[in-house]
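Trainee: So that you have it, the file is model_25.csv, and it contains CSV, C-alpha atoms and all ligand atoms:
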chain,number,residue,atom,x,y,z
T,1,MET,CA,-29.6,27.8,-24.5
T,2,LYS,CA,-32.7,26.3,-22.9
T,3,ILE,CA,-31.9,24.7,-19.6
T,4,LEU,CA,-34.2,22.8,-17.3
T,5,MET,CA,-33.3,22.0,-13.6
T,6,VAL,CA,-35.1,19.0,-12.2
T,7,CYS,CA,-35.5,17.5,-8.7
T,8,LEU,CA,-38.2,15.5,-7.0
T,9,GLY,CA,-40.4,18.2,-5.4
T,10,ASN,CA,-39.4,21.3,-7.4
T,11,ILE,CA,-39.7,23.0,-4.1
T,12,CYS,CA,-36.1,22.9,-2.6
T,13,ARG,CA,-33.2,22.2,-4.9
T,14,SER,CA,-34.3,22.9,-8.5
T,15,PRO,CA,-35.9,26.3,-7.7
T,16,LEU,CA,-32.5,27.3,-6.3
T,17,ALA,CA,-30.7,26.0,-9.4
T,18,GLU,CA,-33.1,27.9,-11.7
T,19,GLY,CA,-32.7,31.1,-9.7
T,20,ILE,CA,-28.9,30.9,-9.4
T,21,LEU,CA,-28.3,30.1,-13.0
T,22,LYS,CA,-30.7,32.8,-14.2
T,23,ASP,CA,-28.9,35.3,-12.1
T,24,LYS,CA,-25.5,34.3,-13.4
T,25,ALA,CA,-26.7,34.2,-17.1
T,26,ASN,CA,-28.3,37.6,-16.8
T,27,LYS,CA,-25.2,39.1,-15.3
T,28,LEU,CA,-23.3,37.8,-18.4
T,29,GLN,CA,-26.0,39.1,-20.7
T,30,LEU,CA,-26.7,35.6,-22.0
T,31,ASN,CA,-30.1,35.3,-23.5
T,32,TRP,CA,-30.7,31.8,-21.9
T,33,GLN,CA,-34.1,30.4,-21.0
T,34,ILE,CA,-33.9,28.6,-17.6
T,35,ASP,CA,-36.8,26.7,-15.9
T,36,SER,CA,-37.2,24.1,-13.3
T,37,ALA,CA,-39.6,21.2,-12.6
T,38,GLY,CA,-40.1,18.2,-10.3
T,39,THR,CA,-40.6,14.6,-11.2
T,40,GLY,CA,-43.2,14.3,-8.4
T,41,GLY,CA,-46.5,16.2,-8.3
T,42,TYR,CA,-46.8,16.8,-4.6
T,43,HIS,CA,-46.5,20.6,-4.6
T,44,ILE,CA,-47.8,21.8,-7.9
T,45,GLY,CA,-48.5,25.6,-7.9
T,46,GLU,CA,-46.6,26.2,-4.6
T,47,PRO,CA,-43.7,28.7,-4.2
T,48,PRO,CA,-40.3,27.3,-3.3
T,49,HIS,CA,-39.6,26.2,0.3
T,50,TYR,CA,-39.2,29.1,2.7
T,51,LEU,CA,-35.6,28.1,3.5
T,52,SER,CA,-34.7,27.9,-0.2
T,53,GLN,CA,-36.2,31.4,-0.6
T,54,LYS,CA,-34.3,32.6,2.5
T,55,VAL,CA,-30.8,31.5,1.4
T,56,ALA,CA,-31.5,32.8,-2.2
T,57,LYS,CA,-32.5,36.1,-0.8
T,58,GLU,CA,-29.4,36.4,1.4
T,59,ASN,CA,-27.5,36.0,-1.8
T,60,GLY,CA,-29.5,38.7,-3.6
T,61,ILE,CA,-31.7,36.3,-5.6
T,62,ASP,CA,-35.5,36.5,-5.4
T,63,ILE,CA,-37.1,33.1,-6.2
T,64,SER,CA,-40.4,33.9,-4.4
T,65,SER,CA,-42.4,34.2,-7.6
T,66,GLN,CA,-41.5,30.7,-8.9
T,67,GLN,CA,-44.3,28.2,-9.0
T,68,CYS,CA,-43.8,24.4,-8.7
T,69,ARG,CA,-44.6,22.4,-11.8
T,70,GLN,CA,-44.3,18.7,-12.7
T,71,PHE,CA,-41.8,17.5,-15.3
T,72,ILE,CA,-43.5,16.3,-18.5
T,73,LYS,CA,-42.3,14.0,-21.2
T,74,GLU,CA,-42.2,16.8,-23.8
T,75,ASP,CA,-39.7,18.8,-21.7
T,76,ILE,CA,-37.0,16.6,-23.2
T,77,LEU,CA,-37.9,18.0,-26.7
T,78,LEU,CA,-38.2,21.7,-25.5
T,79,PHE,CA,-34.9,22.0,-23.6
T,80,ASP,CA,-31.3,21.7,-24.8
T,81,LYS,CA,-30.1,20.4,-21.5
T,82,ILE,CA,-31.8,18.9,-18.5
T,83,TYR,CA,-29.9,18.8,-15.1
T,84,ALA,CA,-31.0,16.2,-12.5
T,85,MET,CA,-30.0,16.9,-8.9
T,86,ASP,CA,-29.6,13.2,-8.0
T,87,MET,CA,-29.7,9.7,-9.5
T,88,ASN,CA,-33.4,9.1,-8.7
T,89,ASN,CA,-34.3,12.3,-10.6
T,90,TYR,CA,-32.2,11.0,-13.5
T,91,TYR,CA,-34.0,7.6,-13.6
T,92,ASN,CA,-37.4,9.2,-13.1
T,93,ILE,CA,-36.7,11.5,-16.1
T,94,LYS,CA,-35.8,8.4,-18.1
T,95,GLN,CA,-39.0,6.7,-17.1
T,96,ILE,CA,-41.3,9.7,-17.8
T,97,THR,CA,-39.8,10.5,-21.2
T,98,LYS,CA,-40.0,6.8,-22.4
T,99,GLU,CA,-39.3,6.7,-26.2
T,100,LEU,CA,-38.3,10.3,-26.2
T,101,TRP,CA,-35.4,9.7,-23.8
T,102,ASN,CA,-32.2,11.2,-25.0
T,103,GLU,CA,-29.2,10.6,-22.8
T,104,ASN,CA,-27.2,13.3,-24.5
T,105,LYS,CA,-29.5,15.9,-23.1
T,106,VAL,CA,-29.8,14.7,-19.4
T,107,GLU,CA,-26.9,15.0,-17.0
T,108,LEU,CA,-26.4,15.1,-13.2
T,109,LEU,CA,-25.8,18.7,-12.3
T,110,LEU,CA,-22.7,18.0,-10.3
T,111,ASN,CA,-21.0,16.3,-13.3
T,112,GLU,CA,-20.4,19.8,-14.6
T,113,LEU,CA,-18.3,20.5,-11.6
T,114,TYR,CA,-16.9,17.0,-10.9
T,115,PRO,CA,-16.9,15.3,-14.3
T,116,ASN,CA,-18.0,11.6,-14.4
T,117,GLN,CA,-18.2,11.3,-10.7
T,118,ASN,CA,-22.0,11.1,-10.5
T,119,LYS,CA,-22.1,13.1,-7.3
T,120,GLU,CA,-25.6,14.1,-6.1
T,121,VAL,CA,-27.1,17.3,-4.6
T,122,PRO,CA,-28.5,15.9,-1.4
T,123,ASP,CA,-32.2,16.5,-0.7
T,124,PRO,CA,-32.6,19.0,2.1
T,125,TRP,CA,-36.4,18.4,2.5
T,126,TYR,CA,-36.0,16.4,5.8
T,127,GLY,CA,-33.0,18.5,6.9
T,128,ASP,CA,-32.6,21.9,8.6
T,129,GLU,CA,-31.3,25.3,7.7
T,130,LYS,CA,-27.7,24.3,7.4
T,131,ASP,CA,-28.6,21.7,4.7
T,132,TYR,CA,-30.1,24.5,2.6
T,133,TYR,CA,-26.9,26.6,2.9
T,134,PHE,CA,-24.8,23.5,1.9
T,135,VAL,CA,-27.1,22.8,-1.1
T,136,TYR,CA,-27.0,26.5,-2.1
T,137,ASP,CA,-23.2,26.4,-2.2
T,138,LEU,CA,-23.0,23.2,-4.2
T,139,ILE,CA,-25.5,24.5,-6.8
T,140,ASP,CA,-23.8,27.8,-7.0
T,141,LYS,CA,-20.4,26.2,-7.8
T,142,ALA,CA,-22.1,23.8,-10.3
T,143,CYS,CA,-23.7,26.8,-12.1
T,144,ASP,CA,-20.3,28.6,-12.3
T,145,ALA,CA,-19.0,25.3,-13.9
T,146,ILE,CA,-21.9,25.3,-16.4
T,147,LEU,CA,-21.0,28.8,-17.6
T,148,ASN,CA,-17.2,28.1,-17.6
T,149,ASN,CA,-17.7,24.9,-19.6
T,150,PHE,CA,-20.0,26.7,-22.0
T,151,LYS,CA,-17.4,29.4,-22.5
T,152,LYS,CA,-14.7,26.8,-23.2
T,153,GLU,CA,-17.0,25.1,-25.8
T,154,ILE,CA,-17.7,28.3,-27.7
T,155,THR,CA,-14.1,29.6,-27.8
U,201,LIG,P1,-36.7,18.8,-3.7
U,201,LIG,O1,-37.1,18.3,-2.2
U,201,LIG,O2,-36.8,17.6,-4.6
U,201,LIG,O3,-35.3,19.3,-3.5
U,201,LIG,O4,-37.7,19.8,-4.0
U,201,LIG,C1,-38.3,17.6,-1.9
U,201,LIG,C2,-39.4,18.4,-1.7
U,201,LIG,C3,-40.6,17.7,-1.3
U,201,LIG,C4,-40.6,16.3,-1.2
U,201,LIG,C5,-39.5,15.6,-1.5
U,201,LIG,C6,-38.3,16.3,-1.8
U,201,LIG,N1,-41.8,15.7,-0.9
U,201,LIG,O5,-41.8,14.4,-0.7
U,201,LIG,O6,-42.9,16.3,-0.7
Once more with this new file: its structure as structure tokens, please.
Ligand code: 4NP
Mentor:
Amino acid sequence: MKILMVCLGNICRSPLAEGILKDKANKLQLNWQIDSAGTGGYHIGEPPHYLSQKVAKENGIDISSQQCRQFIKEDILLFDKIYAMDMNNYYNIKQITKELWNENKVELLLNELYPNQNKEVPDPWYGDEKDYYFVYDLIDKACDAILNNFKKEIT
């Protein structure tokens, strides 16, 4: 499976989602390709936010070598599944991909955990440390759900 995690900045939420799902997939010896990107281009080339790095590290996950990149139209062809953190990300992906848009490939991350509820991973960018812990927890549970749903599909 090729999975892309998408948020606005690719600096707070999607780098965590990439790091967490990679860690879980590796532990299950799944040969998945997991990447992340942002619909905005404000932080291209930068590492993840220090608070995202901190909560990841406390959970044994090193995301310090990730580099921010912007979501491009062709990503929708390259990946099997694209997870948006919130509705704005979802609509931005739709706008960027134009005629390549494929609604079967794009889903809100939390719909894996709470099907059809369209819940969002809140943006911690203007928040403080506790918001990063909250976001970590949500993404961690959603990534468990991705793997559980995948196992159900293949059995
Ligand atoms: P993210 O958070 O989408 O979770 O990476 C943000 C990071 C930066 C900005 C907005 C959201 N920004 O406006 O620079």
Trainee: Given all atoms listed in the file, how would the per-residue table for chain T near ligand LIG 201 (chain U) read, listing every residue at most 6 Å away with its closest atom pair and distance in Å to one decimal, sorted by chain and number, as a tab-separated table?
Mentor:
residue	atom	partner	partner_atom	distance
T:Cys7	CA	U:LIG201	O2	4.3
T:Leu8	CA	U:LIG201	O2	3.5
T:Gly9	CA	U:LIG201	O4	3.4
T:Asn10	CA	U:LIG201	O4	4.1
T:Ile11	CA	U:LIG201	O4	3.8
T:Cys12	CA	U:LIG201	O4	3.8
T:Arg13	CA	U:LIG201	O3	3.8
T:Tyr42	CA	U:LIG201	O6	5.5
T:Asp123	CA	U:LIG201	O3	5.0
T:Trp125	CA	U:LIG201	O1	4.8
Trainee: Print the selection's residues with C-alpha atoms to a file, as a short mmCIF file (atom, residue, chain, number, x, y, z; two decimals), in the frame of the given file.
Mentor:
data_model
loop_
_atom_site.label_atom_id
_atom_site.label_comp_id
_atom_site.auth_asym_id
_atom_site.auth_seq_id
_atom_site.Cartn_x
_atom_site.Cartn_y
_atom_site.Cartn_z
CA CYS T 7 -35.50 17.50 -8.70
CA LEU T 8 -38.20 15.50 -7.00
CA GLY T 9 -40.40 18.20 -5.40
CA ASN T 10 -39.40 21.30 -7.40
CA ILE T 11 -39.70 23.00 -4.10
CA CYS T 12 -36.10 22.90 -2.60
CA ARG T 13 -33.20 22.20 -4.90
CA TYR T 42 -46.80 16.80 -4.60
CA ASP T 123 -32.20 16.50 -0.70
CA TRP T 125 -36.40 18.40 2.50
#
Trainee: I'd like the neighbourhood of T:Pro122 as a ChimeraX atom specification, where a residue qualifies if any of its atoms comes within 8 Å (using only C-alpha atoms), though same-chain residues fewer than 5 positions away should be ignored.
Mentor: /T:85-86,135
Trainee: Which of these, T:Thr39, T:Asp75, T:Tyr132, T:Met1, has the shortest distance to T:Tyr91 once you count all atoms listed in the file?
Mentor: T:Thr39
Trainee: Using only C-alpha atoms, which of T:Glu112, T:Glu46, T:Glu129, T:Asp62 sits nearest T:Gly19?
Mentor: T:Asp62
Trainee: Could you check the closest approach to T:Asp128 for each of T:Leu51, T:Leu147, T:Ala142, T:Gln66 and tell me which residue wins, using all atoms listed in the file?
Mentor: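 Among T:Leu51, T:Leu147, T:Ala142, T:Gln66, it is T:Leu51 that comes nearest to T:Asp128.
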